[in-house]
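What follows is the content of final.pdb (PDB, C-alpha atoms, pLDDT in the B column).
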```pdb
ATOM      1  CA  GLU A 293      70.369 -94.182   0.910  1.00 78.00           C
ATOM      2  CA  GLY A 294      70.491 -91.971   3.977  1.00 80.00           C
ATOM      3  CA  ILE A 295      71.097 -88.967   1.830  1.00 83.00           C
ATOM      4  CA  ARG A 296      68.268 -89.904  -0.376  1.00 82.00           C
ATOM      5  CA  ARG A 297      65.914 -90.131   2.588  1.00 83.00           C
ATOM      6  CA  GLU A 298      67.116 -86.859   3.951  1.00 80.00           C
ATOM      7  CA  LYS A 299      66.605 -85.346   0.574  1.00 75.00           C
ATOM      8  CA  GLU A 300      63.093 -86.693   0.392  1.00 78.00           C
ATOM      9  CA  ALA A 301      62.390 -85.517   3.943  1.00 76.00           C
ATOM     10  CA  LEU A 302      63.649 -82.049   3.060  1.00 72.00           C
ATOM     11  CA  GLU A 303      61.668 -82.103  -0.139  1.00 73.00           C
ATOM     12  CA  ASP A 304      58.555 -83.138   1.791  1.00 72.00           C
ATOM     13  CA  GLU A 305      59.134 -80.452   4.384  1.00 72.00           C
ATOM     14  CA  TYR A 306      60.290 -77.632   2.068  1.00 73.00           C
ATOM     15  CA  GLY A 307      59.026 -78.891  -1.274  1.00 72.00           C
ATOM     16  CA  ALA A 308      55.857 -76.818  -1.195  1.00 76.00           C
ATOM     17  CA  GLU A 309      57.845 -73.735  -0.244  1.00 80.00           C
ATOM     18  CA  ILE A 310      60.394 -74.415  -2.966  1.00 79.00           C
ATOM     19  CA  GLU A 311      57.628 -74.892  -5.512  1.00 80.00           C
ATOM     20  CA  ALA A 312      55.977 -71.709  -4.265  1.00 83.00           C
ATOM     21  CA  LEU A 313      59.312 -69.852  -4.540  1.00 82.00           C
ATOM     22  CA  LYS A 314      59.902 -71.304  -8.026  1.00 86.00           C
ATOM     23  CA  LEU A 315      56.410 -70.249  -9.016  1.00 90.00           C
ATOM     24  CA  GLN A 316      56.991 -66.835  -7.438  1.00 91.00           C
ATOM     25  CA  ARG A 317      60.332 -66.585  -9.257  1.00 92.00           C
ATOM     26  CA  THR A 318      58.674 -67.487 -12.554  1.00 93.00           C
ATOM     27  CA  GLU A 319      55.953 -64.930 -11.936  1.00 93.00           C
ATOM     28  CA  MET A 320      58.585 -62.322 -11.058  1.00 94.00           C
ATOM     29  CA  GLU A 321      60.523 -63.161 -14.223  1.00 94.00           C
ATOM     30  CA  VAL A 322      57.314 -62.826 -16.227  1.00 95.00           C
ATOM     31  CA  GLU A 323      56.577 -59.485 -14.518  1.00 94.00           C
ATOM     32  CA  TYR A 324      60.194 -58.415 -14.987  1.00 94.00           C
ATOM     33  CA  ASN A 325      60.090 -59.361 -18.686  1.00 94.00           C
ATOM     34  CA  ALA A 326      56.714 -57.618 -19.059  1.00 94.00           C
ATOM     35  CA  THR A 327      58.098 -54.519 -17.322  1.00 94.00           C
ATOM     36  CA  VAL A 328      61.228 -54.581 -19.494  1.00 95.00           C
ATOM     37  CA  ALA A 329      59.097 -55.049 -22.611  1.00 95.00           C
ATOM     38  CA  ASP A 330      56.805 -52.195 -21.495  1.00 94.00           C
ATOM     39  CA  LEU A 331      59.786 -49.955 -20.789  1.00 94.00           C
ATOM     40  CA  GLU A 332      61.359 -50.846 -24.138  1.00 95.00           C
ATOM     41  CA  ALA A 333      58.048 -50.084 -25.868  1.00 95.00           C
ATOM     42  CA  ARG A 334      57.850 -46.767 -23.994  1.00 94.00           C
ATOM     43  CA  LEU A 335      61.445 -46.034 -24.933  1.00 94.00           C
ATOM     44  CA  VAL A 336      60.727 -46.754 -28.607  1.00 95.00           C
ATOM     45  CA  SER A 337      57.564 -44.672 -28.381  1.00 94.00           C
ATOM     46  CA  SER A 338      59.483 -41.838 -26.702  1.00 94.00           C
ATOM     47  CA  GLU A 339      62.207 -42.016 -29.361  1.00 95.00           C
ATOM     48  CA  GLU A 340      59.554 -41.944 -32.081  1.00 96.00           C
ATOM     49  CA  GLU A 341      57.866 -38.991 -30.360  1.00 95.00           C
ATOM     50  CA  MET A 342      61.237 -37.206 -30.073  1.00 96.00           C
ATOM     51  CA  GLN A 343      61.905 -37.846 -33.757  1.00 96.00           C
ATOM     52  CA  HIS A 344      58.408 -36.587 -34.594  1.00 96.00           C
ATOM     53  CA  LEU A 345      59.015 -33.446 -32.497  1.00 95.00           C
ATOM     54  CA  ARG A 346      62.379 -32.901 -34.210  1.00 96.00           C
ATOM     55  CA  ASP A 347      60.686 -33.288 -37.594  1.00 96.00           C
ATOM     56  CA  VAL A 348      57.966 -30.821 -36.590  1.00 96.00           C
ATOM     57  CA  GLU A 349      60.574 -28.376 -35.291  1.00 96.00           C
ATOM     58  CA  ARG A 350      62.634 -28.733 -38.490  1.00 96.00           C
ATOM     59  CA  ARG A 351      59.517 -28.132 -40.621  1.00 96.00           C
ATOM     60  CA  GLN A 352      58.643 -25.094 -38.524  1.00 95.00           C
ATOM     61  CA  GLN A 353      62.162 -23.750 -38.918  1.00 95.00           C
ATOM     62  CA  GLN A 354      61.968 -24.330 -42.671  1.00 95.00           C
ATOM     63  CA  GLN A 355      58.587 -22.602 -42.779  1.00 94.00           C
ATOM     64  CA  GLN A 356      60.002 -19.719 -40.743  1.00 94.00           C
ATOM     65  CA  LYS A 357      62.968 -19.442 -43.107  1.00 95.00           C
ATOM     66  CA  THR A 358      60.603 -19.593 -46.067  1.00 93.00           C
ATOM     67  CA  LEU A 359      58.449 -16.850 -44.540  1.00 91.00           C
ATOM     68  CA  GLU A 360      61.512 -14.751 -43.792  1.00 92.00           C
ATOM     69  CA  ASN A 361      62.767 -15.246 -47.348  1.00 92.00           C
ATOM     70  CA  GLU A 362      59.340 -14.346 -48.724  1.00 92.00           C
ATOM     71  CA  GLU A 363      59.264 -11.249 -46.527  1.00 92.00           C
ATOM     72  CA  LYS A 364      62.747 -10.305 -47.697  1.00 92.00           C
ATOM     73  CA  THR A 365      61.719 -10.940 -51.287  1.00 93.00           C
ATOM     74  CA  ASN A 366      58.549  -8.895 -50.838  1.00 93.00           C
ATOM     75  CA  HIS A 367      60.556  -6.112 -49.197  1.00 92.00           C
ATOM     76  CA  ARG A 368      63.076  -6.201 -52.051  1.00 93.00           C
ATOM     77  CA  LEU A 369      60.251  -6.116 -54.589  1.00 93.00           C
ATOM     78  CA  GLU A 370      58.679  -3.144 -52.799  1.00 94.00           C
ATOM     79  CA  GLU A 371      62.048  -1.382 -52.757  1.00 95.00           C
ATOM     80  CA  GLU A 372      62.550  -2.147 -56.446  1.00 95.00           C
ATOM     81  CA  ASP A 373      59.073  -0.754 -57.199  1.00 95.00           C
ATOM     82  CA  LYS A 374      59.886   2.400 -55.241  1.00 96.00           C
ATOM     83  CA  LEU A 375      63.181   2.757 -57.092  1.00 96.00           C
ATOM     84  CA  GLN A 376      61.483   2.179 -60.451  1.00 96.00           C
ATOM     85  CA  LYS A 377      58.901   4.850 -59.627  1.00 97.00           C
ATOM     86  CA  LYS A 378      61.656   7.207 -58.522  1.00 96.00           C
ATOM     87  CA  ILE A 379      63.567   6.499 -61.747  1.00 96.00           C
ATOM     88  CA  ARG A 380      60.424   7.160 -63.826  1.00 97.00           C
ATOM     89  CA  VAL A 381      59.832  10.446 -62.001  1.00 97.00           C
ATOM     90  CA  GLN A 382      63.453  11.470 -62.517  1.00 96.00           C
ATOM     91  CA  GLU A 383      63.305  10.467 -66.192  1.00 96.00           C
ATOM     92  CA  GLU A 384      60.148  12.551 -66.599  1.00 97.00           C
ATOM     93  CA  GLN A 385      61.888  15.471 -64.886  1.00 97.00           C
ATOM     94  CA  ILE A 386      64.899  15.033 -67.163  1.00 97.00           C
ATOM     95  CA  GLN A 387      62.603  14.981 -70.207  1.00 97.00           C
ATOM     96  CA  GLY A 388      60.880  18.125 -68.964  1.00 96.00           C
ATOM     97  CA  LEU A 389      64.233  19.822 -68.405  1.00 96.00           C
ATOM     98  CA  GLN A 390      65.456  18.717 -71.833  1.00 97.00           C
ATOM     99  CA  THR A 391      62.295  20.143 -73.401  1.00 96.00           C
ATOM    100  CA  GLN A 392      62.769  23.408 -71.493  1.00 96.00           C
ATOM    101  CA  LEU A 393      66.412  23.519 -72.557  1.00 96.00           C
ATOM    102  CA  ALA A 394      65.465  22.957 -76.198  1.00 96.00           C
ATOM    103  CA  GLU A 395      62.836  25.720 -75.951  1.00 96.00           C
ATOM    104  CA  LEU A 396      65.354  28.047 -74.290  1.00 96.00           C
ATOM    105  CA  LEU A 397      67.937  27.309 -76.988  1.00 95.00           C
ATOM    106  CA  ASP A 398      65.321  27.994 -79.666  1.00 95.00           C
ATOM    107  CA  ALA A 399      64.334  31.233 -77.926  1.00 95.00           C
ATOM    108  CA  HIS A 400      67.993  32.211 -77.603  1.00 95.00           C
ATOM    109  CA  SER A 401      68.584  31.563 -81.303  1.00 95.00           C
ATOM    110  CA  GLU A 402      65.472  33.575 -82.132  1.00 95.00           C
ATOM    111  CA  LEU A 403      66.681  36.431 -79.912  1.00 95.00           C
ATOM    112  CA  GLU A 404      70.092  36.390 -81.580  1.00 95.00           C
ATOM    113  CA  GLN A 405      68.388  36.484 -84.973  1.00 96.00           C
ATOM    114  CA  LEU A 406      66.164  39.371 -83.876  1.00 95.00           C
ATOM    115  CA  GLN A 407      69.191  41.192 -82.478  1.00 95.00           C
ATOM    116  CA  ASN A 408      71.073  40.679 -85.742  1.00 94.00           C
ATOM    117  CA  ASP A 409      68.022  41.855 -87.719  1.00 94.00           C
ATOM    118  CA  ALA A 410      67.708  44.890 -85.432  1.00 95.00           C
ATOM    119  CA  GLU A 411      71.386  45.747 -85.902  1.00 95.00           C
ATOM    120  CA  VAL A 412      71.073  45.398 -89.668  1.00 95.00           C
ATOM    121  CA  THR A 413      67.950  47.570 -89.642  1.00 94.00           C
ATOM    122  CA  MET A 414      69.686  50.133 -87.421  1.00 95.00           C
ATOM    123  CA  VAL A 415      72.673  50.257 -89.764  1.00 95.00           C
ATOM    124  CA  GLU A 416      70.305  50.741 -92.699  1.00 94.00           C
ATOM    125  CA  TYR A 417      68.413  53.513 -90.850  1.00 94.00           C
ATOM    126  CA  GLU A 418      71.689  55.203 -89.913  1.00 94.00           C
ATOM    127  CA  LYS A 419      72.720  55.054 -93.555  1.00 95.00           C
ATOM    128  CA  LEU A 420      69.334  56.425 -94.641  1.00 94.00           C
ATOM    129  CA  MET A 421      69.533  59.166 -92.022  1.00 95.00           C
ATOM    130  CA  LYS A 422      73.015  60.087 -93.186  1.00 94.00           C
ATOM    131  CA  GLU A 423      71.824  60.165 -96.791  1.00 93.00           C
ATOM    132  CA  GLU A 424      68.790  62.273 -95.758  1.00 93.00           C
ATOM    133  CA  GLN A 425      71.076  64.593 -93.793  1.00 92.00           C
ATOM    134  CA  GLU A 426      73.340  64.977 -96.799  1.00 91.00           C
ATOM    135  CA  THR A 427      70.337  65.529 -99.093  1.00 92.00           C
ATOM    136  CA  TYR A 428      68.893  68.082 -96.654  1.00 91.00           C
ATOM    137  CA  GLU A 429      72.212  69.895 -96.318  1.00 90.00           C
ATOM    138  CA  SER A 430      72.706  69.944-100.065  1.00 91.00           C
ATOM    139  CA  SER A 431      69.117  71.234-100.529  1.00 91.00           C
ATOM    140  CA  ILE A 432      69.775  74.007 -98.039  1.00 92.00           C
ATOM    141  CA  GLU A 433      73.022  74.844 -99.798  1.00 91.00           C
ATOM    142  CA  VAL A 434      71.228  74.961-103.146  1.00 91.00           C
ATOM    143  CA  GLU A 435      68.529  77.215-101.706  1.00 90.00           C
ATOM    144  CA  ARG A 436      71.156  79.484-100.175  1.00 90.00           C
ATOM    145  CA  GLU A 437      72.925  79.762-103.459  1.00 89.00           C
ATOM    146  CA  GLU A 438      69.658  80.500-105.248  1.00 88.00           C
ATOM    147  CA  LYS A 439      68.788  83.051-102.603  1.00 87.00           C
ATOM    148  CA  GLU A 440      72.207  84.662-102.989  1.00 88.00           C
ATOM    149  CA  ASN A 441      71.856  84.605-106.743  1.00 87.00           C
ATOM    150  CA  TYR A 442      68.410  86.154-106.469  1.00 85.00           C
ATOM    151  CA  LYS A 443      69.721  88.829-104.078  1.00 84.00           C
ATOM    152  CA  ALA A 444      72.583  89.520-106.381  1.00 83.00           C
ATOM    153  CA  LYS A 445      70.190  89.978-109.277  1.00 80.00           C
ATOM    154  CA  TRP A 446      68.056  92.516-107.427  1.00 68.00           C
TER
END
```
As structure tokens:
Amino acid sequence: EGIRREKEALEDEYGAEIEALKLQRTEMEVEYNATVADLEARLVSSEEEMQHLRDVERRQQQQQKTLENEEKTNHRLEEEDKLQKKIRVQEEQIQGLQTQLAELLDAHSELEQLQNDAEVTMVEYEKLMKEEQETYESSIEVEREEKENYKAKW
């Protein structure tokens, strides 16, 4: 019973302080739990924000890659267009050269034909001139003989 009385006396003397400390402890636990919950919520929010930022960064990188690919594609298309134009110009030049070559070959053939015709004509003229020379010489010979015959008769 002595212990019980001492206990009651201590409870009477320190009971209010103990209750105040218990209440303070409960309030601190509530504050602690609220702080922990707030920090956990902030942590979750921060993780979500980080994930959002990563997603945004990934999308930006994809967009950048897409833009770079489009630029490369556009550059390739421009280069292909330039090459196609260059090919067309070269093909036109080749056609022009082929046409000139065909015309030159035709002109060469025509010149060869004219040369052959000229040679044939020259051979014919030489033959005619030879025949004329022979006719002229024989006419002169005939006239000489007639002249001699006429002189001999007189």
Can you measure atom CA of Ile295 of chain A to atom CA of Gln316 of chain A for me? One decimal in Å is fine.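 Interatomic distance here is 27.8 Å.
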Using all atoms of segment 334-346 of chain A that appear in the file, construct an axis-aligned enclosing box with 3 Å of padding on every side and provide its centre coordinates and edge lengths in Å, rounded to one decimal, as JSON.
```
{"center_x": 60.0, "center_y": -39.8, "center_z": -29.3, "size_x": 10.8, "size_y": 19.9, "size_z": 16.6}
```
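Relative to atom CA of Glu321 of chain A, atom CA of Glu309 of chain A is found at 17.7 Å.
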If you measure from atom CA of Val328 of chain A to atom CA of Lys314 of chain A, what distance in Å do you get, rounded to one decimal?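 Atom CA of Val328 of chain A sits 20.3 Å away from atom CA of Lys314 of chain A.
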